[in-house]
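Student: Mind having a look at this structure? Questions to follow.
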Amino acid sequence: AQSVTQLDSHVSVSEGTPVLLRCNYSSSYSPSLFWYVQHPNKGLQLLLKYTSAATLVKGINGFEAEFKKSETSFHLTKPSAHMSDAAEYFCVVSELMNRDDKIIFGKGTRLHILP
Amino acid sequence: KAGVTQTPRYLIKTRGQQVTLSCSPISGHRSVSWYQQTPGQGLQFLFEYFSETQRNKGNFPGRFSGRQFSNSRSEMNVSTLELGDSALYLCASSSGRTGYGYTFGSGTRLTVV
(Lines give C-alpha, C1' and ligand atoms only; values in the text may rest on other atoms or scores of the structure.)
Protein backbone atom coordinates (compact mmCIF):
# COMPACT_ATOMS: atom_id res chain seq x y z
CA ALA A 1 0.00 0.00 0.00
CA GLN A 2 1.09 3.53 -0.69
CA SER A 3 1.94 6.05 1.99
CA VAL A 4 3.87 9.28 2.24
CA THR A 5 5.46 10.69 5.38
CA GLN A 6 6.79 14.20 5.53
CA LEU A 7 8.97 14.09 8.57
CA ASP A 8 8.69 17.75 9.58
CA SER A 9 5.52 19.79 9.75
CA HIS A 10 7.54 23.03 10.03
CA VAL A 11 11.08 23.91 8.96
CA SER A 12 12.77 27.25 9.59
CA VAL A 13 15.97 28.32 7.85
CA SER A 14 17.76 31.62 7.45
CA GLU A 15 17.83 33.31 4.09
CA GLY A 16 20.87 32.16 2.12
CA THR A 17 21.24 28.86 3.97
CA PRO A 18 20.42 25.39 2.60
CA VAL A 19 16.93 23.92 2.68
CA LEU A 20 16.13 20.27 3.39
CA LEU A 21 12.55 19.01 3.42
CA ARG A 22 12.29 15.32 4.16
CA CYS A 23 9.92 12.81 2.61
CA ASN A 24 9.73 9.05 2.99
CA TYR A 25 7.38 6.90 1.00
CA SER A 26 6.04 3.40 0.88
CA SER A 27 4.96 1.85 -2.38
CA SER A 28 4.31 -1.66 -3.60
CA TYR A 29 5.45 -0.95 -7.11
CA SER A 30 7.65 1.53 -8.91
CA PRO A 31 6.20 4.84 -7.93
CA SER A 32 6.28 8.26 -9.45
CA LEU A 33 7.16 10.93 -6.92
CA PHE A 34 6.45 14.62 -6.93
CA TRP A 35 7.00 17.74 -4.91
CA TYR A 36 4.45 20.53 -5.02
CA VAL A 37 4.60 23.99 -3.48
CA GLN A 38 1.65 26.03 -2.28
CA HIS A 39 1.90 29.73 -1.55
CA PRO A 40 -0.78 31.31 0.67
CA ASN A 41 -4.24 31.29 -0.89
CA LYS A 42 -2.90 29.75 -4.06
CA GLY A 43 -3.19 26.38 -5.73
CA LEU A 44 -0.42 23.81 -5.82
CA GLN A 45 2.44 24.23 -8.26
CA LEU A 46 4.55 21.32 -9.46
CA LEU A 47 8.19 21.77 -8.42
CA LEU A 48 9.63 18.56 -9.78
CA LYS A 49 8.88 14.92 -10.48
CA TYR A 50 10.65 11.57 -10.51
CA THR A 51 9.41 8.95 -12.94
CA SER A 52 12.09 6.21 -12.96
CA ALA A 53 14.66 8.11 -15.00
CA ALA A 54 17.57 9.95 -13.35
CA THR A 55 17.51 9.64 -9.57
CA LEU A 56 18.57 13.25 -9.06
CA VAL A 57 15.78 15.45 -10.29
CA LYS A 58 16.08 19.17 -10.85
CA GLY A 59 13.04 21.35 -10.57
CA ILE A 60 12.05 24.96 -10.76
CA ASN A 61 13.38 27.78 -8.59
CA GLY A 62 16.64 25.96 -7.82
CA PHE A 63 15.05 23.00 -6.04
CA GLU A 64 16.14 19.43 -6.55
CA ALA A 65 15.34 16.05 -5.05
CA GLU A 66 17.09 12.72 -4.97
CA PHE A 67 15.24 9.42 -5.20
CA LYS A 68 16.89 6.86 -2.93
CA LYS A 69 15.20 3.52 -3.30
CA SER A 70 17.24 1.84 -0.54
CA GLU A 71 16.11 4.50 1.92
CA THR A 72 12.63 4.95 0.37
CA SER A 73 13.25 8.67 0.50
CA PHE A 74 12.70 11.61 -1.81
CA HIS A 75 14.05 14.61 0.09
CA LEU A 76 13.77 18.11 -1.38
CA THR A 77 16.79 20.40 -1.21
CA LYS A 78 17.88 23.86 -2.25
CA PRO A 79 21.40 25.24 -1.73
CA SER A 80 20.36 28.73 -0.73
CA ALA A 81 16.96 29.76 0.60
CA HIS A 82 15.22 32.88 -0.62
CA MET A 83 12.45 34.76 1.13
CA SER A 84 10.09 33.86 -1.70
CA ASP A 85 10.53 30.16 -0.86
CA ALA A 86 8.36 30.57 2.23
CA ALA A 87 5.39 28.31 1.50
CA GLU A 88 3.97 24.88 2.17
CA TYR A 89 5.51 21.93 0.38
CA PHE A 90 3.81 18.62 -0.38
CA CYS A 91 5.45 15.34 -1.25
CA VAL A 92 3.25 13.12 -3.42
CA VAL A 93 3.51 9.49 -4.46
CA SER A 94 1.68 8.09 -7.44
CA GLU A 95 1.47 4.57 -8.73
CA LEU A 96 -0.60 2.74 -11.27
CA MET A 97 -2.91 0.23 -9.63
CA ASN A 98 -5.49 -1.73 -11.60
CA ARG A 99 -5.13 0.73 -14.48
CA ASP A 100 -5.98 3.63 -12.16
CA ASP A 101 -3.50 6.24 -11.06
CA LYS A 102 -3.53 6.40 -7.24
CA ILE A 103 -1.94 9.43 -5.68
CA ILE A 104 -1.27 10.12 -2.02
CA PHE A 105 -0.32 13.49 -0.59
CA GLY A 106 1.91 13.99 2.40
CA LYS A 107 0.59 16.24 5.15
CA GLY A 108 2.85 19.07 4.07
CA THR A 109 5.86 20.91 5.46
CA ARG A 110 5.63 24.62 6.06
CA LEU A 111 8.90 26.32 5.24
CA HIS A 112 9.71 29.54 7.11
CA ILE A 113 12.55 31.76 5.92
CA LEU A 114 14.20 33.93 8.55
CA PRO A 115 15.73 37.23 7.43
CA LYS B 1 -1.40 27.35 -22.80
CA ALA B 2 -4.12 28.31 -20.33
CA GLY B 3 -3.91 26.76 -16.88
CA VAL B 4 -6.61 25.19 -14.77
CA THR B 5 -9.40 27.66 -14.13
CA GLN B 6 -11.60 27.44 -11.09
CA THR B 7 -14.62 29.62 -10.52
CA PRO B 8 -15.59 31.34 -8.40
CA ARG B 9 -12.48 32.20 -6.40
CA TYR B 10 -14.37 33.03 -3.24
CA LEU B 11 -17.82 32.06 -2.04
CA ILE B 12 -19.81 32.64 1.12
CA LYS B 13 -22.85 30.48 1.79
CA THR B 14 -25.09 29.82 4.77
CA ARG B 15 -25.68 26.47 6.40
CA GLY B 16 -28.19 24.30 4.60
CA GLN B 17 -27.60 25.88 1.22
CA GLN B 18 -26.03 24.11 -1.71
CA VAL B 19 -23.12 25.21 -3.85
CA THR B 20 -21.67 24.38 -7.24
CA LEU B 21 -18.00 24.90 -8.06
CA SER B 22 -16.57 24.79 -11.55
CA CYS B 23 -13.24 23.65 -12.95
CA SER B 24 -11.94 23.98 -16.50
CA PRO B 25 -8.90 21.76 -17.03
CA ILE B 26 -5.96 22.33 -19.31
CA SER B 27 -6.90 21.79 -22.92
CA GLY B 28 -6.45 18.14 -23.83
CA HIS B 29 -6.50 16.90 -20.25
CA ARG B 30 -9.20 14.34 -19.66
CA SER B 31 -8.74 13.76 -15.93
CA VAL B 32 -10.06 16.16 -13.31
CA SER B 33 -9.63 15.56 -9.59
CA TRP B 34 -11.09 17.49 -6.69
CA TYR B 35 -9.54 18.03 -3.28
CA GLN B 36 -10.66 19.66 -0.07
CA GLN B 37 -8.00 21.46 1.92
CA THR B 38 -8.50 22.52 5.54
CA PRO B 39 -5.96 23.50 8.21
CA GLY B 40 -6.92 20.54 10.37
CA GLN B 41 -7.21 17.76 7.79
CA GLY B 42 -4.82 18.92 5.11
CA LEU B 43 -5.48 17.84 1.54
CA GLN B 44 -8.19 15.26 1.17
CA PHE B 45 -9.16 13.60 -2.07
CA LEU B 46 -12.80 13.97 -3.05
CA PHE B 47 -13.11 12.30 -6.44
CA GLU B 48 -11.64 12.01 -9.89
CA TYR B 49 -13.37 12.11 -13.23
CA PHE B 50 -11.94 10.78 -16.46
CA SER B 51 -13.80 11.04 -19.75
CA GLU B 52 -17.08 11.90 -17.99
CA THR B 53 -16.89 8.91 -15.64
CA GLN B 54 -16.08 8.96 -11.95
CA ARG B 55 -12.95 6.88 -11.72
CA ASN B 56 -12.03 7.23 -8.05
CA LYS B 57 -13.79 8.47 -4.96
CA GLY B 58 -12.59 9.51 -1.53
CA ASN B 59 -14.32 9.11 1.82
CA PHE B 60 -16.76 11.98 1.75
CA PRO B 61 -20.51 11.85 2.41
CA GLY B 62 -22.99 11.73 -0.42
CA ARG B 63 -23.62 15.46 -0.04
CA PHE B 64 -20.49 15.88 -2.13
CA SER B 65 -21.00 15.03 -5.77
CA GLY B 66 -19.51 15.90 -9.08
CA ARG B 67 -19.74 15.45 -12.78
CA GLN B 68 -17.68 15.96 -15.89
CA PHE B 69 -18.87 17.20 -19.23
CA SER B 70 -17.84 16.12 -22.70
CA ASN B 71 -15.43 19.06 -22.94
CA SER B 72 -13.74 17.78 -19.72
CA ARG B 73 -14.98 20.69 -17.63
CA SER B 74 -16.05 19.50 -14.23
CA GLU B 75 -18.42 20.70 -11.57
CA MET B 76 -18.54 19.82 -7.91
CA ASN B 77 -21.71 20.19 -5.87
CA VAL B 78 -22.13 20.24 -2.14
CA SER B 79 -25.67 20.09 -0.78
CA THR B 80 -26.95 20.92 2.70
CA LEU B 81 -23.83 22.83 3.59
CA GLU B 82 -22.34 22.49 7.06
CA LEU B 83 -19.92 24.81 8.83
CA GLY B 84 -17.23 22.13 8.51
CA ASP B 85 -17.43 22.34 4.73
CA SER B 86 -15.57 25.65 4.88
CA ALA B 87 -12.36 24.97 3.01
CA LEU B 88 -10.25 25.62 -0.03
CA TYR B 89 -11.46 23.37 -2.83
CA LEU B 90 -8.78 22.55 -5.35
CA CYS B 91 -9.19 21.10 -8.78
CA ALA B 92 -6.36 19.33 -10.57
CA SER B 93 -6.17 18.26 -14.18
CA SER B 94 -3.94 15.73 -15.82
CA SER B 95 -3.66 13.79 -19.03
CA GLY B 96 -4.62 10.71 -17.05
CA ARG B 97 -1.31 9.00 -17.74
CA THR B 98 0.77 7.90 -14.77
CA GLY B 99 3.80 9.95 -13.92
CA TYR B 100 2.82 13.15 -15.66
CA GLY B 101 1.71 14.92 -12.54
CA TYR B 102 -1.20 17.18 -11.94
CA THR B 103 -1.75 20.85 -12.63
CA PHE B 104 -3.76 22.57 -9.97
CA GLY B 105 -6.07 25.52 -10.17
CA SER B 106 -5.94 28.35 -7.66
CA GLY B 107 -8.90 26.96 -5.81
CA THR B 108 -12.27 28.15 -4.60
CA ARG B 109 -12.36 29.40 -1.03
CA LEU B 110 -15.75 28.40 0.41
CA THR B 111 -16.89 29.89 3.68
CA VAL B 112 -20.03 28.54 5.29
CA VAL B 113 -21.62 30.79 7.91
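Starting from 1 in every chain, residues are counted up; chains themselves are A, B, ... following the order of the C-alpha coordinates, and ligands are numbered from 1 as listed.
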List the spatial neighbours of region 64-67 of chain B as a VMD selection string - criterion: any atom at most 10 Å away, only C-alpha atoms, same-chain residues fewer than 4 positions off excluded.

Tutor: chain B and resid 18 to 22 32 to 34 46 to 50 52 to 54 57 59 to 60 72 to 81 85

Student: Go ahead and save the residues from that selection, with N, CA, C and O atoms, as a short mmCIF file (atom, residue, chain, number, x, y, z; two decimals), in the first residue's frame.

Tutor:
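Below you can see part_10.cif, which holds the result:
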```cif
data_model
loop_
_atom_site.label_atom_id
_atom_site.label_comp_id
_atom_site.auth_asym_id
_atom_site.auth_seq_id
_atom_site.Cartn_x
_atom_site.Cartn_y
_atom_site.Cartn_z
N GLN B 18 -26.87 24.96 -0.86
CA GLN B 18 -26.03 24.11 -1.71
C GLN B 18 -25.16 25.00 -2.58
O GLN B 18 -25.45 26.18 -2.77
N VAL B 19 -24.07 24.42 -3.08
CA VAL B 19 -23.12 25.21 -3.85
C VAL B 19 -22.57 24.37 -5.00
O VAL B 19 -22.45 23.14 -4.89
N THR B 20 -22.28 25.04 -6.08
CA THR B 20 -21.67 24.38 -7.24
C THR B 20 -20.38 25.10 -7.60
O THR B 20 -20.38 26.33 -7.77
N LEU B 21 -19.31 24.35 -7.69
CA LEU B 21 -18.00 24.90 -8.06
C LEU B 21 -17.63 24.36 -9.44
O LEU B 21 -17.97 23.23 -9.77
N SER B 22 -16.90 25.17 -10.18
CA SER B 22 -16.57 24.79 -11.55
C SER B 22 -15.06 24.72 -11.76
O SER B 22 -14.29 25.47 -11.14
N VAL B 32 -9.88 15.06 -14.25
CA VAL B 32 -10.06 16.16 -13.31
C VAL B 32 -10.28 15.57 -11.92
O VAL B 32 -11.15 14.70 -11.75
N SER B 33 -9.49 16.02 -10.97
CA SER B 33 -9.63 15.56 -9.59
C SER B 33 -9.98 16.74 -8.70
O SER B 33 -9.57 17.87 -8.97
N TRP B 34 -10.70 16.45 -7.64
CA TRP B 34 -11.09 17.49 -6.69
C TRP B 34 -10.54 17.14 -5.31
O TRP B 34 -10.56 15.97 -4.90
N LEU B 46 -11.35 14.09 -2.95
CA LEU B 46 -12.80 13.97 -3.05
C LEU B 46 -13.18 12.95 -4.11
O LEU B 46 -13.81 11.94 -3.83
N PHE B 47 -12.85 13.24 -5.34
CA PHE B 47 -13.11 12.30 -6.44
C PHE B 47 -12.34 12.72 -7.67
O PHE B 47 -11.82 13.82 -7.77
N GLU B 48 -12.30 11.78 -8.61
CA GLU B 48 -11.64 12.01 -9.89
C GLU B 48 -12.57 11.60 -11.01
O GLU B 48 -13.24 10.57 -10.93
N TYR B 49 -12.60 12.42 -12.04
CA TYR B 49 -13.37 12.11 -13.23
C TYR B 49 -12.43 11.98 -14.41
O TYR B 49 -11.45 12.74 -14.54
N PHE B 50 -12.73 11.01 -15.24
CA PHE B 50 -11.94 10.78 -16.46
C PHE B 50 -12.93 10.46 -17.57
O PHE B 50 -13.71 9.51 -17.45
N GLU B 52 -15.69 11.78 -18.45
CA GLU B 52 -17.08 11.90 -17.99
C GLU B 52 -17.50 10.83 -17.00
O GLU B 52 -18.68 10.78 -16.61
N THR B 53 -16.56 9.98 -16.57
CA THR B 53 -16.89 8.91 -15.64
C THR B 53 -16.12 9.12 -14.34
O THR B 53 -14.93 9.44 -14.37
N GLN B 54 -16.80 8.88 -13.22
CA GLN B 54 -16.08 8.96 -11.95
C GLN B 54 -15.20 7.74 -11.83
O GLN B 54 -15.68 6.60 -11.79
N LYS B 57 -13.00 7.69 -5.90
CA LYS B 57 -13.79 8.47 -4.96
C LYS B 57 -13.15 8.38 -3.59
O LYS B 57 -12.71 7.31 -3.17
N ASN B 59 -13.38 9.44 0.74
CA ASN B 59 -14.32 9.11 1.82
C ASN B 59 -15.11 10.33 2.28
O ASN B 59 -14.97 10.77 3.41
N PHE B 60 -15.91 10.84 1.41
CA PHE B 60 -16.76 11.98 1.75
C PHE B 60 -18.22 11.55 1.67
O PHE B 60 -18.57 10.63 0.92
N SER B 72 -14.60 18.04 -20.88
CA SER B 72 -13.74 17.78 -19.72
C SER B 72 -13.92 18.76 -18.57
O SER B 72 -13.35 18.54 -17.50
N ARG B 73 -14.68 19.80 -18.76
CA ARG B 73 -14.98 20.69 -17.63
C ARG B 73 -15.72 19.91 -16.56
O ARG B 73 -16.49 18.99 -16.85
N SER B 74 -15.44 20.26 -15.33
CA SER B 74 -16.05 19.50 -14.23
C SER B 74 -16.72 20.46 -13.26
O SER B 74 -16.31 21.61 -13.10
N GLU B 75 -17.75 19.97 -12.64
CA GLU B 75 -18.42 20.70 -11.57
C GLU B 75 -18.47 19.83 -10.33
O GLU B 75 -18.58 18.60 -10.41
N MET B 76 -18.40 20.51 -9.19
CA MET B 76 -18.54 19.82 -7.91
C MET B 76 -19.70 20.47 -7.18
O MET B 76 -19.80 21.71 -7.16
N ASN B 77 -20.55 19.66 -6.59
CA ASN B 77 -21.71 20.19 -5.87
C ASN B 77 -21.68 19.72 -4.43
O ASN B 77 -21.36 18.55 -4.16
N VAL B 78 -21.99 20.62 -3.54
CA VAL B 78 -22.13 20.24 -2.14
C VAL B 78 -23.52 20.69 -1.69
O VAL B 78 -23.87 21.87 -1.81
N SER B 79 -24.32 19.76 -1.23
CA SER B 79 -25.67 20.09 -0.78
C SER B 79 -25.70 20.16 0.74
O SER B 79 -24.81 19.65 1.43
N THR B 80 -26.73 20.80 1.25
CA THR B 80 -26.95 20.92 2.70
C THR B 80 -25.64 21.26 3.41
O THR B 80 -25.10 20.50 4.23
N LEU B 81 -25.14 22.42 3.09
CA LEU B 81 -23.83 22.83 3.59
C LEU B 81 -23.77 22.85 5.12
O LEU B 81 -24.73 23.25 5.79
N ASP B 85 -17.75 22.40 6.17
CA ASP B 85 -17.43 22.34 4.73
C ASP B 85 -16.60 23.54 4.31
O ASP B 85 -16.14 23.60 3.16
#
```

Student: Kindly provide, as JSON, numbers by chain, the residues of chain A having any atom no farther than 12 Å from an atom of chain B, counting only C-alpha atoms.

Tutor: {"A": [9, 30, 31, 32, 33, 34, 35, 36, 37, 38, 39, 40, 41, 42, 43, 44, 45, 46, 47, 48, 49, 50, 51, 52, 53, 88, 89, 90, 91, 92, 93, 94, 95, 96, 97, 98, 99, 100, 101, 102, 103, 104, 105, 106, 107, 108, 109, 110]}

Student: How would you write, as a ChimeraX atom specification, the set of residues in chain A that DSSP gives as strand (DSSP E)?

Tutor: /A:3-6,10-14,19-21,23-26,32-38,44-50,56-58,64-68,73-78,87-97,100-105,109-114

Student: For Leu83 (chain B), please output as a ChimeraX atom specification all residues within 7 Å (counting only C-alpha atoms; exclusion window: fewer than 6 positions along the same chain).

Tutor: /B:15,112-113
